[in-house]
Amino acid sequence: MNPFSDEKIVDSWSKNITPWIKAITNNEIESRNGITDKAILMEVINRKPTKILDIGCGEGWFVEALTKKGIEALGIDAIEQFINYAKNNRKGKYQLLSYEQLSEGLKGKLFDVIICNFSLIGEKSVNQVFESIPSLLNKKGTFIIQTLHPLFANEQTYVDGWRKGSWKGLSKEFMDPAPWYFRTLSSWSNLFNANNLQLSSIFEPKNETTNQVASIMLIGGHNK
């Protein structure tokens, strides 16, 4: 298997289901606690949506958080163990679905907000997600991506390309970190434009104590 590929990402995550669920349950990821989780939750809730799609929902924490606030939320993921865990342990609706199956698997459904919360780390798979968004997003809907900030490019040249993954800061139970495909800000913007979407704003959640950026949020929707 190619160590830098979308297939390798799925393979790596499939090996780390248990430690990831433990990390989320025990609040082991510092950047998420009070920063990135809160940022994406507030961004969605403030828009007062009725129907939400969470692409790459993992173990389902976000779908459950929205469901508890009375918002109809559907989470999809390509990893069966995550979907099974979510169905058995989380509130909300979940469906086993790969990024490649998005358009066909959700055909006829429309959502007020579509979220990708740290779930767009591949190459071809990300292109496929963007291609599916116009047919799934309500006319006045919002597409929200929260992802690694370009500052986290591991001090490499600022060009698109694959990067080695890392479980730095997490327990020793994690193994075989998934690679990720780095994109410059202009590349993200081009993805919106190429799929008849408009990137309307960029938000950078920060640690209020250290003032260090924790992520980047890209927010857009249909071209007007």
# chains A, B, ... in the order shown; residues from 1 in each chain; ligands from 1
call {"tool": "select_by_dssp", "arguments": {"residues": "region 1-194 of chain A", "states": "strand (DSSP E or B)", "output": "VMD selection string"}}
result
chain A and resid 51 to 55 72 to 77 93 to 96 111 to 117 137 to 147 161 to 163 180 to 182
call {"tool": "closest_atom_pairs", "arguments": {"of": "region 66-124 of chain A", "to": "region 47-56 of chain A", "cutoff": "6 Å", "atoms": "only C-alpha atoms", "output": "Markdown table"}}
result
| residue | atom | partner | partner_atom | distance |
| --- | --- | --- | --- | --- |
| A:Ile71 | CA | A:Thr50 | CA | 5.6 |
| A:Glu72 | CA | A:Lys51 | CA | 4.9 |
| A:Ala73 | CA | A:Ile52 | CA | 4.6 |
| A:Leu74 | CA | A:Leu53 | CA | 5.0 |
| A:Gly75 | CA | A:Asp54 | CA | 4.6 |
| A:Ile76 | CA | A:Ile55 | CA | 5.3 |
| A:Asp77 | CA | A:Gly56 | CA | 4.6 |
| A:Phe111 | CA | A:Lys51 | CA | 5.1 |
| A:Asp112 | CA | A:Lys51 | CA | 5.4 |
| A:Val113 | CA | A:Ile52 | CA | 5.1 |
| A:Ile114 | CA | A:Leu53 | CA | 4.7 |
| A:Ile115 | CA | A:Asp54 | CA | 4.9 |
| A:Cys116 | CA | A:Ile55 | CA | 5.2 |
| A:Ser119 | CA | A:Gly56 | CA | 5.3 |
call {"tool": "write_last_selection", "arguments": {"atoms": "C-alpha atoms", "output": "CSV table (one decimal), in the first residue's frame"}}
result
chain,number,residue,atom,x,y,z
A,71,ILE,CA,-30.9,19.9,15.6
A,72,GLU,CA,-31.4,17.0,13.1
A,73,ALA,CA,-27.9,15.7,12.4
A,74,LEU,CA,-26.6,12.9,10.3
A,75,GLY,CA,-23.0,11.7,10.5
A,76,ILE,CA,-21.3,9.6,7.8
A,77,ASP,CA,-17.9,7.9,8.0
A,111,PHE,CA,-28.7,20.0,4.3
A,112,ASP,CA,-28.6,23.5,5.8
A,113,VAL,CA,-25.1,23.1,7.0
A,114,ILE,CA,-22.4,20.6,5.9
A,115,ILE,CA,-19.4,20.2,8.2
A,116,CYS,CA,-16.0,18.6,7.7
A,119,SER,CA,-11.9,15.1,8.2
call {"tool": "closest_residue", "arguments": {"among": "A:Ile121, A:Ile21, A:Val129, A:Ala78", "to": "Gln146 (chain A)", "atoms": "only C-alpha atoms"}}
result
A:Ile121
call {"tool": "select_by_dssp", "arguments": {"residues": "chain A", "states": "helix (DSSP H, G or I)", "output": "PDB file with N, CA and C atoms, in the first residue's frame"}}
result
ATOM      1  N   ASP A   6      -4.867   8.140  -0.030  1.00  0.00           N
ATOM      2  CA  ASP A   6      -6.148   8.162   0.677  1.00  0.00           C
ATOM      3  C   ASP A   6      -6.438   6.806   1.317  1.00  0.00           C
ATOM      4  N   GLU A   7      -6.042   5.741   0.628  1.00  0.00           N
ATOM      5  CA  GLU A   7      -6.274   4.390   1.162  1.00  0.00           C
ATOM      6  C   GLU A   7      -5.500   4.180   2.463  1.00  0.00           C
ATOM      7  N   LYS A   8      -4.291   4.744   2.530  1.00  0.00           N
ATOM      8  CA  LYS A   8      -3.477   4.608   3.733  1.00  0.00           C
ATOM      9  C   LYS A   8      -4.103   5.351   4.914  1.00  0.00           C
ATOM     10  N   ILE A   9      -4.765   6.457   4.642  1.00  0.00           N
ATOM     11  CA  ILE A   9      -5.436   7.205   5.712  1.00  0.00           C
ATOM     12  C   ILE A   9      -6.502   6.334   6.370  1.00  0.00           C
ATOM     13  N   VAL A  10      -7.340   5.711   5.551  1.00  0.00           N
ATOM     14  CA  VAL A  10      -8.401   4.844   6.078  1.00  0.00           C
ATOM     15  C   VAL A  10      -7.798   3.659   6.826  1.00  0.00           C
ATOM     16  N   ASP A  11      -6.751   3.078   6.252  1.00  0.00           N
ATOM     17  CA  ASP A  11      -6.080   1.942   6.887  1.00  0.00           C
ATOM     18  C   ASP A  11      -5.518   2.316   8.256  1.00  0.00           C
ATOM     19  N   SER A  12      -4.865   3.465   8.342  1.00  0.00           N
ATOM     20  CA  SER A  12      -4.261   3.907   9.601  1.00  0.00           C
ATOM     21  C   SER A  12      -5.316   4.180  10.662  1.00  0.00           C
ATOM     22  N   TRP A  13      -6.386   4.870  10.267  1.00  0.00           N
ATOM     23  CA  TRP A  13      -7.440   5.158  11.239  1.00  0.00           C
ATOM     24  C   TRP A  13      -8.129   3.887  11.726  1.00  0.00           C
ATOM     25  N   SER A  14      -8.253   2.917  10.850  1.00  0.00           N
ATOM     26  CA  SER A  14      -8.898   1.656  11.235  1.00  0.00           C
ATOM     27  C   SER A  14      -8.116   0.925  12.324  1.00  0.00           C
ATOM     28  N   ILE A  17      -8.970   2.881  16.279  1.00  0.00           N
ATOM     29  CA  ILE A  17     -10.334   3.144  16.734  1.00  0.00           C
ATOM     30  C   ILE A  17     -10.403   3.258  18.256  1.00  0.00           C
ATOM     31  N   THR A  18      -9.906   2.241  18.951  1.00  0.00           N
ATOM     32  CA  THR A  18     -10.019   2.203  20.418  1.00  0.00           C
ATOM     33  C   THR A  18      -9.287   3.349  21.103  1.00  0.00           C
ATOM     34  N   PRO A  19      -7.999   3.590  20.789  1.00  0.00           N
ATOM     35  CA  PRO A  19      -7.328   4.709  21.454  1.00  0.00           C
ATOM     36  C   PRO A  19      -7.945   6.059  21.119  1.00  0.00           C
ATOM     37  N   TRP A  20      -8.492   6.213  19.909  1.00  0.00           N
ATOM     38  CA  TRP A  20      -9.124   7.481  19.552  1.00  0.00           C
ATOM     39  C   TRP A  20     -10.389   7.714  20.385  1.00  0.00           C
ATOM     40  N   ILE A  21     -11.204   6.697  20.511  1.00  0.00           N
ATOM     41  CA  ILE A  21     -12.426   6.829  21.311  1.00  0.00           C
ATOM     42  C   ILE A  21     -12.076   7.150  22.759  1.00  0.00           C
ATOM     43  N   LYS A  22     -11.039   6.507  23.277  1.00  0.00           N
ATOM     44  CA  LYS A  22     -10.589   6.786  24.645  1.00  0.00           C
ATOM     45  C   LYS A  22     -10.091   8.223  24.771  1.00  0.00           C
ATOM     46  N   ALA A  23      -9.372   8.696  23.758  1.00  0.00           N
ATOM     47  CA  ALA A  23      -8.840  10.055  23.791  1.00  0.00           C
ATOM     48  C   ALA A  23      -9.958  11.090  23.797  1.00  0.00           C
ATOM     49  N   ILE A  24     -11.000  10.843  23.010  1.00  0.00           N
ATOM     50  CA  ILE A  24     -12.138  11.765  22.971  1.00  0.00           C
ATOM     51  C   ILE A  24     -12.912  11.704  24.283  1.00  0.00           C
ATOM     52  N   THR A  25     -13.167  10.491  24.759  1.00  0.00           N
ATOM     53  CA  THR A  25     -13.926  10.308  25.998  1.00  0.00           C
ATOM     54  C   THR A  25     -13.228  10.945  27.191  1.00  0.00           C
ATOM     55  N   ARG A  32      -8.457  20.583  21.288  1.00  0.00           N
ATOM     56  CA  ARG A  32      -9.900  20.454  21.132  1.00  0.00           C
ATOM     57  C   ARG A  32     -10.649  21.009  22.335  1.00  0.00           C
ATOM     58  N   ASN A  33     -10.067  20.843  23.505  1.00  0.00           N
ATOM     59  CA  ASN A  33     -10.749  21.221  24.737  1.00  0.00           C
ATOM     60  C   ASN A  33     -10.898  22.732  24.859  1.00  0.00           C
ATOM     61  N   GLY A  34     -12.105  23.215  24.661  1.00  0.00           N
ATOM     62  CA  GLY A  34     -12.377  24.634  24.817  1.00  0.00           C
ATOM     63  C   GLY A  34     -11.946  25.496  23.642  1.00  0.00           C
ATOM     64  N   ILE A  35     -11.366  24.897  22.587  1.00  0.00           N
ATOM     65  CA  ILE A  35     -10.914  25.706  21.453  1.00  0.00           C
ATOM     66  C   ILE A  35     -11.604  25.246  20.165  1.00  0.00           C
ATOM     67  N   THR A  36     -11.071  24.208  19.523  1.00  0.00           N
ATOM     68  CA  THR A  36     -11.601  23.842  18.203  1.00  0.00           C
ATOM     69  C   THR A  36     -12.995  23.230  18.273  1.00  0.00           C
ATOM     70  N   ASP A  37     -13.266  22.431  19.303  1.00  0.00           N
ATOM     71  CA  ASP A  37     -14.613  21.853  19.445  1.00  0.00           C
ATOM     72  C   ASP A  37     -15.646  22.951  19.638  1.00  0.00           C
ATOM     73  N   LYS A  38     -15.324  23.873  20.528  1.00  0.00           N
ATOM     74  CA  LYS A  38     -16.235  24.979  20.815  1.00  0.00           C
ATOM     75  C   LYS A  38     -16.424  25.859  19.583  1.00  0.00           C
ATOM     76  N   ALA A  39     -15.343  26.091  18.847  1.00  0.00           N
ATOM     77  CA  ALA A  39     -15.400  26.963  17.675  1.00  0.00           C
ATOM     78  C   ALA A  39     -16.348  26.425  16.608  1.00  0.00           C
ATOM     79  N   ILE A  40     -16.236  25.142  16.289  1.00  0.00           N
ATOM     80  CA  ILE A  40     -17.083  24.565  15.245  1.00  0.00           C
ATOM     81  C   ILE A  40     -18.529  24.450  15.722  1.00  0.00           C
ATOM     82  N   LEU A  41     -18.717  24.150  16.996  1.00  0.00           N
ATOM     83  CA  LEU A  41     -20.069  24.027  17.543  1.00  0.00           C
ATOM     84  C   LEU A  41     -20.794  25.375  17.502  1.00  0.00           C
ATOM     85  N   MET A  42     -20.110  26.430  17.928  1.00  0.00           N
ATOM     86  CA  MET A  42     -20.722  27.754  17.937  1.00  0.00           C
ATOM     87  C   MET A  42     -20.993  28.254  16.517  1.00  0.00           C
ATOM     88  N   GLU A  43     -20.075  27.965  15.609  1.00  0.00           N
ATOM     89  CA  GLU A  43     -20.239  28.407  14.224  1.00  0.00           C
ATOM     90  C   GLU A  43     -21.504  27.805  13.619  1.00  0.00           C
ATOM     91  N   VAL A  44     -21.779  26.560  13.953  1.00  0.00           N
ATOM     92  CA  VAL A  44     -22.971  25.888  13.427  1.00  0.00           C
ATOM     93  C   VAL A  44     -24.233  26.372  14.136  1.00  0.00           C
ATOM     94  N   ILE A  45     -24.223  26.365  15.449  1.00  0.00           N
ATOM     95  CA  ILE A  45     -25.420  26.728  16.223  1.00  0.00           C
ATOM     96  C   ILE A  45     -25.879  28.149  15.917  1.00  0.00           C
ATOM     97  N   TRP A  61     -19.108  12.408  18.311  1.00  0.00           N
ATOM     98  CA  TRP A  61     -19.301  13.407  19.369  1.00  0.00           C
ATOM     99  C   TRP A  61     -20.051  14.640  18.872  1.00  0.00           C
ATOM    100  N   PHE A  62     -19.753  15.085  17.640  1.00  0.00           N
ATOM    101  CA  PHE A  62     -20.339  16.326  17.145  1.00  0.00           C
ATOM    102  C   PHE A  62     -21.810  16.159  16.798  1.00  0.00           C
ATOM    103  N   VAL A  63     -22.131  15.055  16.164  1.00  0.00           N
ATOM    104  CA  VAL A  63     -23.533  14.776  15.851  1.00  0.00           C
ATOM    105  C   VAL A  63     -24.348  14.702  17.133  1.00  0.00           C
ATOM    106  N   GLU A  64     -23.811  14.052  18.143  1.00  0.00           N
ATOM    107  CA  GLU A  64     -24.522  13.967  19.419  1.00  0.00           C
ATOM    108  C   GLU A  64     -24.716  15.344  20.046  1.00  0.00           C
ATOM    109  N   ALA A  65     -23.693  16.189  20.000  1.00  0.00           N
ATOM    110  CA  ALA A  65     -23.784  17.526  20.579  1.00  0.00           C
ATOM    111  C   ALA A  65     -24.885  18.345  19.911  1.00  0.00           C
ATOM    112  N   LEU A  66     -24.998  18.218  18.589  1.00  0.00           N
ATOM    113  CA  LEU A  66     -26.040  18.938  17.861  1.00  0.00           C
ATOM    114  C   LEU A  66     -27.417  18.354  18.131  1.00  0.00           C
ATOM    115  N   THR A  67     -27.490  17.033  18.178  1.00  0.00           N
ATOM    116  CA  THR A  67     -28.763  16.352  18.436  1.00  0.00           C
ATOM    117  C   THR A  67     -29.327  16.761  19.792  1.00  0.00           C
ATOM    118  N   GLU A  80     -16.305   1.430   9.459  1.00  0.00           N
ATOM    119  CA  GLU A  80     -17.457   0.754  10.050  1.00  0.00           C
ATOM    120  C   GLU A  80     -17.419   0.742  11.570  1.00  0.00           C
ATOM    121  N   GLN A  81     -16.233   0.577  12.156  1.00  0.00           N
ATOM    122  CA  GLN A  81     -16.131   0.521  13.624  1.00  0.00           C
ATOM    123  C   GLN A  81     -16.590   1.837  14.258  1.00  0.00           C
ATOM    124  N   PHE A  82     -16.272   2.948  13.623  1.00  0.00           N
ATOM    125  CA  PHE A  82     -16.713   4.241  14.140  1.00  0.00           C
ATOM    126  C   PHE A  82     -18.235   4.359  14.075  1.00  0.00           C
ATOM    127  N   ILE A  83     -18.808   3.981  12.955  1.00  0.00           N
ATOM    128  CA  ILE A  83     -20.258   4.084  12.789  1.00  0.00           C
ATOM    129  C   ILE A  83     -20.976   3.164  13.777  1.00  0.00           C
ATOM    130  N   ASN A  84     -20.475   1.953  13.963  1.00  0.00           N
ATOM    131  CA  ASN A  84     -21.084   1.027  14.925  1.00  0.00           C
ATOM    132  C   ASN A  84     -21.028   1.590  16.338  1.00  0.00           C
ATOM    133  N   TYR A  85     -19.888   2.170  16.693  1.00  0.00           N
ATOM    134  CA  TYR A  85     -19.754   2.762  18.025  1.00  0.00           C
ATOM    135  C   TYR A  85     -20.760   3.908  18.196  1.00  0.00           C
ATOM    136  N   ALA A  86     -20.831   4.780  17.187  1.00  0.00           N
ATOM    137  CA  ALA A  86     -21.737   5.926  17.265  1.00  0.00           C
ATOM    138  C   ALA A  86     -23.197   5.492  17.397  1.00  0.00           C
ATOM    139  N   LYS A  87     -23.587   4.509  16.607  1.00  0.00           N
ATOM    140  CA  LYS A  87     -24.973   4.028  16.665  1.00  0.00           C
ATOM    141  C   LYS A  87     -25.322   3.453  18.037  1.00  0.00           C
ATOM    142  N   ASN A  88     -24.346   2.808  18.672  1.00  0.00           N
ATOM    143  CA  ASN A  88     -24.598   2.148  19.951  1.00  0.00           C
ATOM    144  C   ASN A  88     -24.375   3.039  21.168  1.00  0.00           C
ATOM    145  N   ASN A  89     -23.649   4.148  20.980  1.00  0.00           N
ATOM    146  CA  ASN A  89     -23.265   4.941  22.152  1.00  0.00           C
ATOM    147  C   ASN A  89     -23.592   6.432  22.063  1.00  0.00           C
ATOM    148  N   TYR A  99     -16.423   8.699   1.180  1.00  0.00           N
ATOM    149  CA  TYR A  99     -16.497   9.991   0.503  1.00  0.00           C
ATOM    150  C   TYR A  99     -16.862   9.808  -0.960  1.00  0.00           C
ATOM    151  N   GLU A 100     -16.397   8.712  -1.545  1.00  0.00           N
ATOM    152  CA  GLU A 100     -16.686   8.437  -2.944  1.00  0.00           C
ATOM    153  C   GLU A 100     -18.173   8.140  -3.170  1.00  0.00           C
ATOM    154  N   GLN A 101     -18.862   7.714  -2.119  1.00  0.00           N
ATOM    155  CA  GLN A 101     -20.271   7.329  -2.231  1.00  0.00           C
ATOM    156  C   GLN A 101     -21.239   8.440  -1.830  1.00  0.00           C
ATOM    157  N   LEU A 102     -20.714   9.604  -1.489  1.00  0.00           N
ATOM    158  CA  LEU A 102     -21.549  10.677  -0.945  1.00  0.00           C
ATOM    159  C   LEU A 102     -22.751  11.026  -1.825  1.00  0.00           C
ATOM    160  N   SER A 103     -22.492  11.386  -3.046  1.00  0.00           N
ATOM    161  CA  SER A 103     -23.570  11.856  -3.930  1.00  0.00           C
ATOM    162  C   SER A 103     -24.658  10.818  -4.109  1.00  0.00           C
ATOM    163  N   GLU A 104     -24.265   9.578  -4.361  1.00  0.00           N
ATOM    164  CA  GLU A 104     -25.242   8.526  -4.596  1.00  0.00           C
ATOM    165  C   GLU A 104     -25.903   8.075  -3.299  1.00  0.00           C
ATOM    166  N   GLY A 105     -25.113   7.960  -2.234  1.00  0.00           N
ATOM    167  CA  GLY A 105     -25.643   7.473  -0.957  1.00  0.00           C
ATOM    168  C   GLY A 105     -26.607   8.423  -0.283  1.00  0.00           C
ATOM    169  N   LYS A 124      -7.405  12.806  -3.363  1.00  0.00           N
ATOM    170  CA  LYS A 124      -8.522  12.585  -4.283  1.00  0.00           C
ATOM    171  C   LYS A 124      -9.857  12.578  -3.552  1.00  0.00           C
ATOM    172  N   SER A 125      -9.872  12.041  -2.338  1.00  0.00           N
ATOM    173  CA  SER A 125     -11.120  11.963  -1.574  1.00  0.00           C
ATOM    174  C   SER A 125     -11.677  13.348  -1.262  1.00  0.00           C
ATOM    175  N   VAL A 126     -10.797  14.304  -1.025  1.00  0.00           N
ATOM    176  CA  VAL A 126     -11.247  15.673  -0.742  1.00  0.00           C
ATOM    177  C   VAL A 126     -11.862  16.295  -1.989  1.00  0.00           C
ATOM    178  N   ASN A 127     -11.244  16.040  -3.126  1.00  0.00           N
ATOM    179  CA  ASN A 127     -11.823  16.524  -4.385  1.00  0.00           C
ATOM    180  C   ASN A 127     -13.231  15.962  -4.576  1.00  0.00           C
ATOM    181  N   GLN A 128     -13.405  14.695  -4.223  1.00  0.00           N
ATOM    182  CA  GLN A 128     -14.714  14.053  -4.384  1.00  0.00           C
ATOM    183  C   GLN A 128     -15.759  14.629  -3.430  1.00  0.00           C
ATOM    184  N   VAL A 129     -15.331  14.995  -2.238  1.00  0.00           N
ATOM    185  CA  VAL A 129     -16.252  15.643  -1.304  1.00  0.00           C
ATOM    186  C   VAL A 129     -16.732  16.973  -1.885  1.00  0.00           C
ATOM    187  N   PHE A 130     -15.801  17.776  -2.355  1.00  0.00           N
ATOM    188  CA  PHE A 130     -16.166  19.075  -2.921  1.00  0.00           C
ATOM    189  C   PHE A 130     -17.115  18.923  -4.107  1.00  0.00           C
ATOM    190  N   GLU A 131     -16.894  17.920  -4.924  1.00  0.00           N
ATOM    191  CA  GLU A 131     -17.763  17.685  -6.081  1.00  0.00           C
ATOM    192  C   GLU A 131     -19.187  17.336  -5.643  1.00  0.00           C
ATOM    193  N   SER A 132     -19.320  16.739  -4.467  1.00  0.00           N
ATOM    194  CA  SER A 132     -20.639  16.313  -3.977  1.00  0.00           C
ATOM    195  C   SER A 132     -21.409  17.435  -3.265  1.00  0.00           C
ATOM    196  N   ILE A 133     -20.703  18.407  -2.741  1.00  0.00           N
ATOM    197  CA  ILE A 133     -21.336  19.431  -1.910  1.00  0.00           C
ATOM    198  C   ILE A 133     -22.468  20.185  -2.611  1.00  0.00           C
ATOM    199  N   PRO A 134     -22.307  20.673  -3.854  1.00  0.00           N
ATOM    200  CA  PRO A 134     -23.388  21.441  -4.471  1.00  0.00           C
ATOM    201  C   PRO A 134     -24.727  20.715  -4.524  1.00  0.00           C
ATOM    202  N   SER A 135     -24.709  19.386  -4.691  1.00  0.00           N
ATOM    203  CA  SER A 135     -25.966  18.637  -4.797  1.00  0.00           C
ATOM    204  C   SER A 135     -26.566  18.307  -3.431  1.00  0.00           C
ATOM    205  N   LEU A 136     -25.815  18.535  -2.352  1.00  0.00           N
ATOM    206  CA  LEU A 136     -26.288  18.196  -1.008  1.00  0.00           C
ATOM    207  C   LEU A 136     -26.606  19.418  -0.155  1.00  0.00           C
ATOM    208  N   PRO A 150      -2.300  26.120   7.961  1.00  0.00           N
ATOM    209  CA  PRO A 150      -1.077  26.029   7.157  1.00  0.00           C
ATOM    210  C   PRO A 150       0.210  26.203   7.966  1.00  0.00           C
ATOM    211  N   LEU A 151       0.115  26.821   9.139  1.00  0.00           N
ATOM    212  CA  LEU A 151       1.288  26.960   9.999  1.00  0.00           C
ATOM    213  C   LEU A 151       1.827  25.603  10.437  1.00  0.00           C
ATOM    214  N   PHE A 152       0.958  24.563  10.362  1.00  0.00           N
ATOM    215  CA  PHE A 152       1.367  23.226  10.799  1.00  0.00           C
ATOM    216  C   PHE A 152       1.919  22.394   9.638  1.00  0.00           C
ATOM    217  N   LEU A 185      -3.592  27.851   1.217  1.00  0.00           N
ATOM    218  CA  LEU A 185      -4.871  28.555   1.262  1.00  0.00           C
ATOM    219  C   LEU A 185      -5.419  28.798  -0.148  1.00  0.00           C
ATOM    220  N   SER A 186      -4.556  29.107  -1.073  1.00  0.00           N
ATOM    221  CA  SER A 186      -5.031  29.334  -2.447  1.00  0.00           C
ATOM    222  C   SER A 186      -5.602  28.054  -3.053  1.00  0.00           C
ATOM    223  N   SER A 187      -5.035  26.900  -2.686  1.00  0.00           N
ATOM    224  CA  SER A 187      -5.562  25.630  -3.185  1.00  0.00           C
ATOM    225  C   SER A 187      -6.942  25.341  -2.617  1.00  0.00           C
ATOM    226  N   TRP A 188      -7.134  25.642  -1.335  1.00  0.00           N
ATOM    227  CA  TRP A 188      -8.463  25.484  -0.746  1.00  0.00           C
ATOM    228  C   TRP A 188      -9.464  26.386  -1.482  1.00  0.00           C
ATOM    229  N   SER A 189      -9.064  27.631  -1.705  1.00  0.00           N
ATOM    230  CA  SER A 189      -9.938  28.572  -2.404  1.00  0.00           C
ATOM    231  C   SER A 189     -10.267  28.079  -3.814  1.00  0.00           C
ATOM    232  N   ASN A 190      -9.277  27.516  -4.484  1.00  0.00           N
ATOM    233  CA  ASN A 190      -9.501  26.989  -5.836  1.00  0.00           C
ATOM    234  C   ASN A 190     -10.483  25.826  -5.836  1.00  0.00           C
ATOM    235  N   LEU A 191     -10.458  25.016  -4.783  1.00  0.00           N
ATOM    236  CA  LEU A 191     -11.408  23.903  -4.683  1.00  0.00           C
ATOM    237  C   LEU A 191     -12.845  24.426  -4.606  1.00  0.00           C
ATOM    238  N   PHE A 192     -13.056  25.487  -3.841  1.00  0.00           N
ATOM    239  CA  PHE A 192     -14.386  26.101  -3.780  1.00  0.00           C
ATOM    240  C   PHE A 192     -14.783  26.588  -5.172  1.00  0.00           C
ATOM    241  N   ASN A 193     -13.923  27.358  -5.799  1.00  0.00           N
ATOM    242  CA  ASN A 193     -14.237  27.942  -7.112  1.00  0.00           C
ATOM    243  C   ASN A 193     -14.494  26.886  -8.176  1.00  0.00           C
ATOM    244  N   ALA A 194     -13.702  25.825  -8.169  1.00  0.00           N
ATOM    245  CA  ALA A 194     -13.817  24.785  -9.193  1.00  0.00           C
ATOM    246  C   ALA A 194     -15.132  24.032  -9.112  1.00  0.00           C
TER     247      ALA A 194
END
call {"tool": "residues_around", "arguments": {"residues": "Glu30 (chain A)", "least_positions_apart": "6", "cutoff": "10 Å", "atoms": "only C-alpha atoms", "output": "number ranges by chain"}}
result
A: 36, 169-170, 207, 214
call {"tool": "write_last_selection", "arguments": {"atoms": "C-alpha atoms", "output": "PDB file, in the first residue's frame"}}
result
ATOM      1  CA  THR A  36     -11.601  23.842  18.203  1.00  0.00           C
ATOM      2  CA  GLY A 169       0.873  14.405  22.448  1.00  0.00           C
ATOM      3  CA  LEU A 170      -1.375  11.346  22.498  1.00  0.00           C
ATOM      4  CA  ASN A 207      -5.862  29.453  22.408  1.00  0.00           C
ATOM      5  CA  ALA A 214      -5.268  26.089  16.882  1.00  0.00           C
TER       6      ALA A 214
END
call {"tool": "atom_distance", "arguments": {"atom1": "CA of Leu218 (chain A)", "atom2": "CA of Leu148 (chain A)"}}
result
10.9 Å
